[in-house]
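Undergrad: Provided below: final37.tsv, containing TSV, C-alpha atoms.
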chain	number	residue	atom	x	y	z
P	1321	MET	CA	101.56	84.17	81.89
P	1322	HIS	CA	104.35	86.38	83.17
P	1323	GLU	CA	107.10	83.93	82.33
P	1324	LEU	CA	108.37	86.04	79.45
P	1325	SER	CA	109.11	88.99	81.70
P	1326	LEU	CA	110.71	86.63	84.20
P	1327	ALA	CA	112.86	85.20	81.39
P	1328	ARG	CA	113.99	88.75	80.59
P	1329	SER	CA	115.06	89.26	84.20
P	1330	ILE	CA	116.99	85.99	84.09
P	1331	GLU	CA	118.63	87.10	80.86
P	1332	ALA	CA	119.78	90.34	82.52
P	1333	ILE	CA	121.38	88.39	85.35
P	1334	VAL	CA	123.07	85.92	83.02
P	1335	TRP	CA	124.49	88.71	80.88
P	1336	ARG	CA	125.88	90.41	83.92
P	1337	VAL	CA	127.51	87.20	85.12
P	1338	ALA	CA	128.74	85.67	81.90
P	1339	GLY	CA	129.35	88.65	79.67
P	1340	GLU	CA	130.17	87.50	76.21
P	1341	ARG	CA	131.25	84.02	77.21
P	1342	ALA	CA	129.10	81.21	75.83
P	1343	VAL	CA	126.62	79.85	78.33
P	1344	SER	CA	125.46	76.25	78.29
P	1345	VAL	CA	123.18	75.99	81.33
P	1346	VAL	CA	121.48	78.42	83.68
P	1347	GLU	CA	120.60	76.79	87.00
P	1348	LEU	CA	117.51	78.04	88.80
P	1349	ASP	CA	115.79	77.35	92.08
P	1350	VAL	CA	112.03	77.72	91.75
P	1351	GLY	CA	109.90	77.29	94.85
P	1352	GLU	CA	106.62	75.44	94.58
P	1353	LEU	CA	104.81	78.45	96.06
P	1354	ARG	CA	105.80	80.52	93.04
P	1355	GLN	CA	103.44	80.68	90.12
P	1356	VAL	CA	106.13	79.80	87.65
P	1357	VAL	CA	105.55	77.01	85.18
P	1358	PRO	CA	109.02	75.65	84.40
P	1359	GLU	CA	108.02	74.37	80.95
P	1360	THR	CA	106.62	77.79	80.01
P	1361	LEU	CA	109.69	79.52	81.39
P	1362	GLU	CA	111.92	77.24	79.32
P	1363	ALA	CA	109.87	77.95	76.19
P	1364	CYS	CA	110.12	81.69	76.83
P	1365	TRP	CA	113.84	81.36	77.40
P	1366	GLY	CA	114.26	79.67	74.02
P	1367	MET	CA	112.24	82.42	72.30
P	1368	LEU	CA	114.14	85.18	74.03
P	1369	CYS	CA	117.57	83.76	73.33
P	1370	ALA	CA	117.03	82.84	69.69
P	1371	GLY	CA	119.48	84.74	67.54
P	1372	THR	CA	121.46	86.06	70.50
P	1373	PRO	CA	124.74	84.84	71.96
P	1374	LEU	CA	122.67	82.96	74.55
P	1375	SER	CA	121.07	80.84	71.85
P	1376	GLY	CA	121.63	77.18	72.66
P	1377	SER	CA	121.70	77.70	76.41
P	1378	ARG	CA	119.08	75.97	78.51
P	1379	LEU	CA	117.49	76.39	81.90
P	1380	GLU	CA	117.84	73.72	84.53
P	1381	VAL	CA	115.14	74.14	87.14
P	1382	ARG	CA	115.30	72.66	90.63
P	1383	ARG	CA	111.91	72.72	92.34
P	1384	ILE	CA	112.00	73.63	96.03
P	1385	PRO	CA	109.15	72.22	98.11
P	1386	GLY	CA	106.85	74.46	100.11
P	1387	VAL	CA	107.42	73.95	103.84
P	1388	ILE	CA	105.89	75.79	106.79
P	1389	HIS	CA	107.15	75.89	110.37
P	1390	CYS	CA	104.58	76.01	113.18
P	1391	LEU	CA	105.27	78.77	115.69
P	1392	GLU	CA	103.13	76.95	118.27
P	1393	CYS	CA	104.49	73.40	118.26
P	1394	GLY	CA	107.53	73.63	116.02
P	1395	THR	CA	106.38	71.00	113.55
P	1396	GLU	CA	107.38	71.42	109.94
P	1397	THR	CA	104.68	70.67	107.39
P	1398	ARG	CA	105.28	69.96	103.73
P	1399	LEU	CA	102.67	71.86	101.73
P	1400	GLY	CA	100.63	70.09	99.11
P	1401	SER	CA	99.23	71.44	95.88
P	1402	ALA	CA	96.88	73.80	97.71
P	1403	PRO	CA	99.17	75.68	100.09
P	1404	ILE	CA	96.99	75.62	103.20
P	1405	LEU	CA	98.91	77.48	105.90
P	1406	ARG	CA	97.94	75.22	108.78
P	1407	CYS	CA	100.16	73.01	110.92
P	1408	ASN	CA	99.69	69.31	110.16
P	1409	SER	CA	100.31	68.44	113.78
P	1410	CYS	CA	98.36	70.97	115.88
P	1411	ALA	CA	96.20	72.61	113.16
P	1412	LYS	CA	97.24	76.09	114.30
P	1413	GLN	CA	97.68	78.76	111.69
P	1414	SER	CA	100.47	80.76	113.27
P	1415	VAL	CA	103.06	79.46	110.87
P	1416	GLU	CA	105.91	80.83	108.85
P	1417	ILE	CA	106.99	79.78	105.41
P	1418	VAL	CA	110.37	78.10	105.55
P	1419	SER	CA	110.82	77.34	101.88
P	1420	GLY	CA	108.97	77.34	98.60
P	1421	GLU	CA	109.16	81.02	97.71
P	1422	GLU	CA	112.61	80.79	96.12
P	1423	PHE	CA	113.05	82.12	92.64
P	1424	MET	CA	116.69	82.64	91.89
P	1425	VAL	CA	119.54	82.02	89.53
P	1426	THR	CA	121.90	79.77	91.45
P	1427	ALA	CA	124.63	79.19	88.88
P	1428	VAL	CA	125.65	79.70	85.31
P	1429	GLN	CA	127.59	77.00	83.48
P	1430	LEU	CA	129.86	78.13	80.68
P	1431	GLU	CA	130.83	76.27	77.57
P	1432	GLU	CA	134.39	75.05	77.55
O	869	MET	CA	134.42	95.58	63.38
O	870	GLY	CA	131.18	95.07	65.16
O	871	ARG	CA	131.15	94.15	68.78
O	872	PHE	CA	128.44	93.06	71.19
O	873	HIS	CA	127.85	95.28	74.13
O	874	ARG	CA	126.13	94.20	77.21
O	875	HIS	CA	124.34	96.91	79.15
O	876	ASP	CA	123.66	96.81	82.85
O	877	ASP	CA	120.00	96.30	82.10
O	878	GLY	CA	120.79	93.18	80.13
O	879	THR	CA	120.11	94.59	76.72
O	880	VAL	CA	122.65	93.93	74.05
O	881	HIS	CA	123.48	95.51	70.78
O	882	GLU	CA	126.23	95.56	68.27
O	883	HIS	CA	128.02	98.57	66.94
O	884	ASP	CA	131.32	99.62	65.51
O	885	HIS	CA	133.83	101.16	67.85
O	886	ASP	CA	135.60	102.86	64.97
O	887	ASP	CA	132.42	104.75	64.16
O	888	PRO	CA	133.35	108.41	64.68
O	889	GLY	CA	129.81	109.12	65.84
O	890	HIS	CA	130.06	106.64	68.66
O	891	ASP	CA	130.21	108.50	71.92
O	892	HIS	CA	130.40	105.61	74.38
O	893	ASP	CA	127.23	106.70	76.04
O	894	HIS	CA	125.79	103.37	76.94
O	895	ASP	CA	122.87	104.80	78.79
O	896	HIS	CA	120.74	104.84	75.68
O	897	HIS	CA	118.45	101.92	75.07
O	898	HIS	CA	117.18	100.29	71.95
O	899	HIS	CA	115.56	97.23	73.31
O	900	PRO	CA	111.77	97.37	73.10
O	901	SER	CA	111.42	95.09	76.08
O	902	HIS	CA	110.66	96.33	79.52
O	903	ALA	CA	114.24	95.78	80.52
O	904	ASP	CA	114.31	99.24	78.97
O	905	HIS	CA	113.06	100.95	82.03
O	906	TRP	CA	114.60	98.97	84.76
O	907	PRO	CA	116.13	101.50	87.10
O	908	PRO	CA	119.47	102.68	85.78
O	909	HIS	CA	121.17	101.61	89.00
O	910	LEU	CA	120.94	97.92	89.63
O	911	PRO	CA	121.52	96.16	92.91
O	912	ASP	CA	125.12	95.54	93.81
O	913	GLU	CA	127.03	93.00	91.88
O	914	PRO	CA	125.74	89.50	92.48
O	915	LEU	CA	127.57	87.29	94.84
O	916	LEU	CA	130.08	85.68	92.56
O	917	SER	CA	132.15	82.77	93.49
O	918	GLU	CA	133.82	80.11	91.52
O	919	ASP	CA	133.87	77.61	94.29
O	920	GLU	CA	131.10	75.15	94.50
O	921	SER	CA	131.01	74.66	98.22
O	922	ARG	CA	127.35	75.66	98.53
O	923	SER	CA	126.33	73.05	96.02
O	924	GLU	CA	127.98	70.44	98.15
O	925	GLN	CA	126.53	71.80	101.36
O	926	ILE	CA	122.98	71.66	100.10
O	927	GLY	CA	123.45	68.34	98.42
O	928	ASP	CA	123.10	69.52	94.89
O	929	HIS	CA	123.48	66.40	92.82
O	930	ARG	CA	122.76	67.91	89.45
O	931	GLY	CA	125.45	66.73	87.13
O	932	TYR	CA	127.71	69.08	85.33
O	933	SER	CA	130.84	68.16	83.55
O	934	THR	CA	133.89	69.09	85.53
O	935	GLY	CA	135.61	70.49	82.47
O	936	ARG	CA	133.15	73.35	82.38
O	937	GLU	CA	133.32	76.47	84.41
O	938	ARG	CA	130.38	76.90	86.75
O	939	ILE	CA	129.81	80.33	88.24
O	940	GLU	CA	127.75	80.39	91.40
O	941	VAL	CA	125.35	83.30	91.35
O	942	LEU	CA	122.58	83.15	94.00
O	943	GLU	CA	120.71	86.16	92.70
O	944	ARG	CA	116.97	86.53	93.22
O	945	ILE	CA	115.21	87.01	89.92
O	946	PHE	CA	112.84	89.56	91.43
O	947	ASP	CA	115.70	91.68	92.78
O	948	GLU	CA	115.55	94.16	89.91
O	949	ASN	CA	111.81	94.62	90.23
O	950	ASP	CA	112.03	94.80	94.01
O	951	ALA	CA	114.74	97.47	93.85
O	952	ALA	CA	112.53	99.51	91.52
O	953	ALA	CA	109.59	98.96	93.86
O	954	GLN	CA	111.63	100.22	96.79
O	955	ALA	CA	112.61	103.29	94.79
O	956	ASN	CA	108.92	103.94	94.07
O	957	ARG	CA	108.08	103.59	97.74
O	958	GLU	CA	110.83	106.03	98.72
O	959	LEU	CA	109.55	108.53	96.15
O	960	LEU	CA	106.02	108.21	97.57
O	961	ASP	CA	107.27	108.45	101.16
O	962	ALA	CA	109.24	111.59	100.36
O	963	ALA	CA	106.03	113.16	99.03
O	964	GLY	CA	103.94	111.91	101.97
O	965	VAL	CA	101.79	109.74	99.72
O	966	LYS	CA	100.35	106.36	100.78
O	967	ALA	CA	99.74	103.86	97.99
O	968	VAL	CA	97.49	100.82	97.62
O	969	ASN	CA	97.96	98.19	94.93
O	970	LEU	CA	94.43	97.06	94.05
O	971	MET	CA	94.16	93.71	92.29
O	972	SER	CA	91.37	91.37	91.19
O	973	SER	CA	90.16	89.20	88.36
O	974	PRO	CA	88.60	91.04	85.40
O	975	GLY	CA	85.11	92.28	86.19
O	976	ALA	CA	85.26	91.99	89.98
O	977	GLY	CA	84.43	95.66	90.40
O	978	LYS	CA	87.75	97.47	90.83
O	979	THR	CA	86.78	100.49	88.80
O	980	MET	CA	83.34	100.84	90.37
O	981	LEU	CA	84.80	100.56	93.86
O	982	LEU	CA	87.37	103.20	92.91
O	983	ALA	CA	84.61	105.49	91.63
O	984	ARG	CA	82.81	105.06	94.98
O	985	THR	CA	86.08	105.70	96.79
O	986	LEU	CA	86.84	108.91	94.91
O	987	ALA	CA	83.29	110.17	95.48
O	988	ALA	CA	83.55	109.44	99.22
O	989	LEU	CA	86.97	111.08	99.58
O	990	LYS	CA	86.33	114.09	97.36
O	991	GLY	CA	87.24	117.31	99.14
O	992	LYS	CA	88.74	115.35	102.06
O	993	VAL	CA	91.63	113.27	100.74
O	994	ARG	CA	93.49	114.18	97.57
O	995	CYS	CA	93.65	111.06	95.41
O	996	GLY	CA	95.74	109.90	92.51
O	997	ILE	CA	94.99	106.88	90.35
O	998	ILE	CA	97.28	104.74	88.26
O	999	GLU	CA	95.00	102.93	85.90
O	1000	GLY	CA	96.56	99.77	84.54
O	1001	ASP	CA	94.95	98.07	81.59
O	1002	ILE	CA	96.29	96.15	78.64
O	1003	GLU	CA	94.37	98.34	76.21
O	1004	THR	CA	91.93	101.29	76.16
O	1005	ALA	CA	91.30	104.31	78.36
O	1006	LEU	CA	87.77	103.09	79.19
O	1007	ASP	CA	88.37	102.70	82.92
O	1008	ALA	CA	90.32	105.94	83.20
O	1009	ASP	CA	87.42	107.70	81.46
O	1010	ARG	CA	84.97	106.25	84.00
O	1011	LEU	CA	86.99	107.81	86.80
O	1012	ARG	CA	87.37	111.29	85.32
O	1013	GLY	CA	85.44	114.15	86.87
O	1014	LEU	CA	85.76	112.70	90.39
O	1015	GLY	CA	88.56	115.03	91.43
O	1016	ALA	CA	91.49	112.62	91.18
O	1017	GLN	CA	94.68	112.88	89.19
O	1018	ILE	CA	94.76	109.95	86.79
O	1019	SER	CA	97.78	108.40	85.11
O	1020	LEU	CA	96.82	105.82	82.50
O	1021	LEU	CA	99.17	102.91	81.94
O	1022	ASN	CA	98.30	100.73	78.96
O	1023	THR	CA	100.57	97.73	79.09
O	1024	GLY	CA	99.81	97.06	75.44
O	1025	ASP	CA	101.47	100.35	74.57
O	1026	GLY	CA	105.21	99.76	74.74
O	1027	PHE	CA	105.12	97.24	77.59
O	1028	GLY	CA	104.50	94.12	75.50
O	1029	GLY	CA	100.86	93.75	76.56
O	1030	GLU	CA	101.88	92.61	80.01
O	1031	CYS	CA	99.27	90.88	82.14
O	1032	HIS	CA	100.40	92.72	85.28
O	1033	LEU	CA	101.99	95.96	86.42
O	1034	ASP	CA	105.56	95.80	87.58
O	1035	ALA	CA	107.59	98.36	89.47
O	1036	PRO	CA	109.34	99.94	86.45
O	1037	MET	CA	105.96	100.47	84.75
O	1038	VAL	CA	104.59	102.13	87.87
O	1039	ALA	CA	107.73	104.27	88.05
O	1040	ARG	CA	106.87	105.47	84.56
O	1041	ALA	CA	103.27	106.17	85.54
O	1042	LEU	CA	104.38	108.10	88.64
O	1043	GLU	CA	106.05	110.59	86.33
O	1044	GLY	CA	102.57	111.51	85.10
O	1045	LEU	CA	101.38	112.52	88.58
O	1046	ASP	CA	102.10	115.55	90.72
O	1047	LEU	CA	102.80	113.70	93.97
O	1048	SER	CA	103.07	116.93	95.93
O	1049	THR	CA	99.32	117.48	95.55
O	1050	ILE	CA	98.02	114.01	96.49
O	1051	ASP	CA	97.69	112.08	99.74
O	1052	LEU	CA	96.52	108.68	98.54
O	1053	LEU	CA	97.53	106.77	95.40
O	1054	LEU	CA	95.31	103.94	94.25
O	1055	ILE	CA	96.98	101.66	91.72
O	1056	GLU	CA	94.43	99.70	89.73
O	1057	ASN	CA	96.34	96.68	88.51
O	1058	VAL	CA	95.54	94.67	85.38
O	1059	GLY	CA	92.57	92.37	85.97
O	1060	ASN	CA	94.26	89.02	86.61
O	1061	LEU	CA	94.48	86.74	89.65
O	1062	VAL	CA	97.88	85.28	88.80
O	1063	CYS	CA	100.68	87.55	87.66
O	1064	PRO	CA	100.07	90.80	89.58
O	1065	ALA	CA	100.54	88.91	92.84
O	1066	GLU	CA	104.20	88.24	92.05
O	1067	PHE	CA	105.28	91.84	91.45
O	1068	ASP	CA	105.82	94.40	94.18
O	1069	VAL	CA	105.08	97.77	92.60
O	1070	GLY	CA	106.09	99.91	95.58
O	1071	ALA	CA	102.69	100.31	97.24
O	1072	HIS	CA	102.34	100.39	101.03
O	1073	ARG	CA	99.41	97.97	101.08
O	1074	ARG	CA	97.99	95.35	98.79
O	1075	ALA	CA	94.27	94.83	98.48
O	1076	MET	CA	92.24	92.58	96.27
O	1077	ILE	CA	88.62	92.42	95.30
O	1078	ALA	CA	86.94	89.03	95.04
O	1079	SER	CA	83.34	89.14	93.92
O	1080	VAL	CA	80.77	86.64	95.11
O	1081	THR	CA	80.04	85.59	91.52
O	1082	GLU	CA	83.51	84.06	91.27
O	1083	GLY	CA	82.99	80.99	93.47
O	1084	GLU	CA	84.19	79.91	96.91
O	1085	ASP	CA	87.17	77.95	95.63
O	1086	LYS	CA	89.14	80.88	94.23
O	1087	PRO	CA	91.44	81.29	97.26
O	1088	LEU	CA	92.55	77.67	96.84
O	1089	LYS	CA	92.97	78.04	93.08
O	1090	TYR	CA	94.85	81.35	93.26
O	1091	PRO	CA	96.58	81.09	96.62
O	1092	VAL	CA	99.51	83.33	95.73
O	1093	MET	CA	97.19	86.26	95.05
O	1094	PHE	CA	95.13	85.68	98.19
O	1095	ARG	CA	98.28	85.21	100.27
O	1096	SER	CA	99.87	88.40	98.93
O	1097	VAL	CA	97.23	90.85	100.14
O	1098	ASP	CA	96.53	92.68	103.38
O	1099	VAL	CA	92.80	92.84	102.80
O	1100	VAL	CA	90.23	91.02	100.67
O	1101	VAL	CA	87.24	93.10	99.62
O	1102	VAL	CA	84.35	90.70	99.01
O	1103	ASN	CA	82.30	92.61	96.46
O	1104	LYS	CA	78.83	92.31	94.91
O	1105	VAL	CA	77.29	91.10	98.16
O	1106	ASP	CA	73.97	92.58	96.93
O	1107	LEU	CA	73.82	89.50	94.68
O	1108	LEU	CA	74.05	86.97	97.53
O	1109	PRO	CA	70.29	86.30	97.67
O	1110	TYR	CA	70.42	85.14	94.06
O	1111	LEU	CA	73.50	82.94	94.28
O	1112	ASP	CA	74.51	79.66	95.89
O	1113	PHE	CA	77.71	81.32	97.08
O	1114	ASP	CA	78.64	80.08	100.57
O	1115	ILE	CA	80.40	83.10	102.03
O	1116	ASP	CA	81.52	81.27	105.19
O	1117	LEU	CA	83.20	78.60	103.09
O	1118	PHE	CA	84.81	81.33	100.99
O	1119	LEU	CA	86.16	83.16	104.05
O	1120	ASN	CA	87.41	79.89	105.49
O	1121	ASN	CA	89.28	79.28	102.23
O	1122	VAL	CA	90.74	82.80	102.31
O	1123	HIS	CA	92.05	82.29	105.83
O	1124	SER	CA	93.39	78.84	104.94
O	1125	VAL	CA	95.87	80.42	102.57
O	1126	ASN	CA	96.22	83.77	104.35
O	1127	PRO	CA	95.45	83.64	108.08
O	1128	ARG	CA	96.10	87.38	108.46
O	1129	ALA	CA	93.90	88.71	105.63
O	1130	GLY	CA	91.41	91.38	106.60
O	1131	ILE	CA	87.92	91.01	105.14
O	1132	ILE	CA	85.62	93.82	104.00
O	1133	GLU	CA	82.25	92.91	102.49
O	1134	THR	CA	80.94	95.45	100.01
O	1135	SER	CA	78.58	96.16	97.20
O	1136	ALA	CA	80.15	98.87	95.11
O	1137	LYS	CA	76.80	99.06	93.32
O	1138	THR	CA	74.62	99.81	96.37
O	1139	ALA	CA	77.46	101.30	98.48
O	1140	GLU	CA	76.84	98.74	101.23
O	1141	GLY	CA	80.04	98.21	103.19
O	1142	VAL	CA	81.98	100.82	101.22
O	1143	GLY	CA	82.29	102.87	104.42
O	1144	GLU	CA	84.36	100.09	105.95
O	1145	TRP	CA	86.72	100.17	102.96
O	1146	ILE	CA	86.99	103.95	103.28
O	1147	ALA	CA	87.75	103.53	106.99
O	1148	TRP	CA	90.55	101.09	106.08
O	1149	LEU	CA	92.02	103.72	103.76
O	1150	TYR	CA	91.81	106.39	106.46
O	1151	GLN	CA	93.62	104.03	108.82
O	1152	LEU	CA	96.40	103.64	106.24
O	1153	LEU	CA	96.59	107.43	105.91
O	1154	GLY	CA	96.78	107.73	109.69
O	1155	ILE	CA	94.03	110.32	109.87
O	1156	GLN	CA	90.52	110.39	111.29
O	1157	PRO	CA	87.63	110.31	108.82
O	1158	THR	CA	85.90	113.66	108.48
Would you write out, as structure tokens, the structure that this file holds?

TA:
Amino acid sequence: MHELSLARSIEAIVWRVAGERAVSVVELDVGELRQVVPETLEACWGMLCAGTPLSGSRLEVRRIPGVIHCLECGTETRLGSAPILRCNSCAKQSVEIVSGEEFMVTAVQLEE
Amino acid sequence: MGRFHRHDDGTVHEHDHDDPGHDHDHDHHHHPSHADHWPPHLPDEPLLSEDESRSEQIGDHRGYSTGRERIEVLERIFDENDAAAQANRELLDAAGVKAVNLMSSPGAGKTMLLARTLAALKGKVRCGIIEGDIETALDADRLRGLGAQISLLNTGDGFGGECHLDAPMVARALEGLDLSTIDLLLIENVGNLVCPAEFDVGAHRRAMIASVTEGEDKPLKYPVMFRSVDVVVVNKVDLLPYLDFDIDLFLNNVHSVNPRAGIIETSAKTAEGVGEWIAWLYQLLGIQPT
């Protein structure tokens, strides 16, 4: 639902990086713990860029899995669709999130 | 000859540099998006590098043709919002104001709990309210006459009908408050269990209301919201005798996704438990209840 405002933030970053050079691909890391629907984000990107110099560029999303690290036993647990913050090995809940909250522009590819 | 100009906030427009009226003041904005009110100063330039060593290090196997230039960026997409949120927090800190971002689904009882809160704190703690709604002043009207300063923020009015408050919007709303005469700022977010969780608005604490009519499974369905908050206010407990709601299962689900969440059970309607919520606010303010 908030993908359009996220697309605007991405646009601001891409403008700052690429200036007036033609952009072909914007590479993103999107963690699975983020409530970002890549398909919706891509649709919003297309809407936002239509008629601008970014028209024709596309987003390339790499999903980053949610992983927690147990502070008790050190086990790393890959989170499933419901991100239960509990160690798979010892069932303790003193855990920290290692990955899955990423939401960043990692690279911008320019047209030749 | 027209020329595209890119502003720091990402907006772009075209104008003629030979135009005698053009004054090179690029601080003006035309874009009706909310990039408009990003803070004028953005975070430092992103980390730019044309080498691709990181991609190799992390085993990035996405293909890109070698003939193309690839600029590594590594910039968090929430950085702009987070910088604005930090600016809000500094403004509040400078005025000695503590702020709570209050979130929930529509109809969970945010406005009624706020009315109870203002009544309980009247004459003791000076309150300000930022009332976020997509449309209408209905909620702001319900809270008038309770002694609080109220700044209404309709996201449908110039903010594209956003489903959440973000930090630049709250910065705008803060301009409508005299921070020197309040102690506690309660930010009533747009009723929505998804988007508000993703945006830091500059509050010191995040709280959410979950009402017992919403079902035990909500923490598992909206884990980002439940994980983002310091405290979950479980509201409408006066209805428990009439519902099949299993509160123990609900609390277990809350703690599954947020082991550290505080729990306060209330009925904003009967005032049951509201004292515990008020005590939580006093704790945030660092003062003893009077």

Undergrad: Please determine, counting only C-alpha atoms, which residue among P:Ala1342, P:Leu1368, P:Leu1405, P:Ala1363 has the shortest atom-to-atom distance to chain O.

TA: P:Leu1405

Undergrad: Write out as a list in words the residues lying within 12 Å of P:Met1367, counting all atoms listed in the file and excluding same-chain residues fewer than 4 positions away.

TA: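 The residues that qualify are Glu1323, Leu1324, Ser1325, Ala1327, Arg1328, Glu1331, Thr1360, Leu1361, Glu1362, Ala1363, Gly1371, Thr1372, Leu1374, Ser1375, Gly1376, Ser1377 and Arg1378 of chain P.
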
Undergrad: Given only C-alpha atoms as the basis, pick out the residue of O:Ala1075, O:Leu1014, O:Leu1149, O:Cys1063 nearest to chain P.

TA: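 With only C-alpha atoms as the atom set, the closest residue is O:Cys1063.
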
Undergrad: If we count all atoms listed in the file and set the cut-off at 8 Å, which residues sit around stretch 979-994 of chain O, ignoring sequence neighbours fewer than 3 positions away in its own chain? Please answer as JSON, numbers by chain.

TA: {"O": [1007, 1010, 1011, 1014, 1015, 1016, 1049, 1050, 1051, 1052, 1056, 1136, 1137, 1139, 1142, 1146, 1158]}

Undergrad: Counting all atoms listed in the file, which residues in chain O sit no more than 6 Å from chain P? For each one, give the nearest pair of atoms and the distance in Å, sorted by chain then residue number, as JSON lines.

TA:
{"residue": "O:Asp877", "atom": "CA", "partner": "P:Ala1332", "partner_atom": "CA", "distance": 6.0}
{"residue": "O:Gly878", "atom": "CA", "partner": "P:Ala1332", "partner_atom": "CA", "distance": 3.8}
{"residue": "O:Arg936", "atom": "CA", "partner": "P:Glu1432", "partner_atom": "CA", "distance": 5.3}
{"residue": "O:Glu937", "atom": "CA", "partner": "P:Leu1430", "partner_atom": "CA", "distance": 5.4}
{"residue": "O:Arg938", "atom": "CA", "partner": "P:Gln1429", "partner_atom": "CA", "distance": 4.3}
{"residue": "O:Ile939", "atom": "CA", "partner": "P:Val1428", "partner_atom": "CA", "distance": 5.1}
{"residue": "O:Glu940", "atom": "CA", "partner": "P:Ala1427", "partner_atom": "CA", "distance": 4.2}
{"residue": "O:Val941", "atom": "CA", "partner": "P:Ala1427", "partner_atom": "CA", "distance": 4.8}
{"residue": "O:Leu942", "atom": "CA", "partner": "P:Thr1426", "partner_atom": "CA", "distance": 4.3}
{"residue": "O:Glu943", "atom": "CA", "partner": "P:Val1425", "partner_atom": "CA", "distance": 5.3}
{"residue": "O:Arg944", "atom": "CA", "partner": "P:Met1424", "partner_atom": "CA", "distance": 4.1}
{"residue": "O:Ile945", "atom": "CA", "partner": "P:Met1424", "partner_atom": "CA", "distance": 5.0}
{"residue": "O:Cys1063", "atom": "CA", "partner": "P:His1322", "partner_atom": "CA", "distance": 5.9}
{"residue": "O:Leu1088", "atom": "CA", "partner": "P:Ala1402", "partner_atom": "CA", "distance": 5.9}
{"residue": "O:Ser1124", "atom": "CA", "partner": "P:Ile1404", "partner_atom": "CA", "distance": 5.1}
{"residue": "O:Val1125", "atom": "CA", "partner": "P:Ile1404", "partner_atom": "CA", "distance": 5.0}
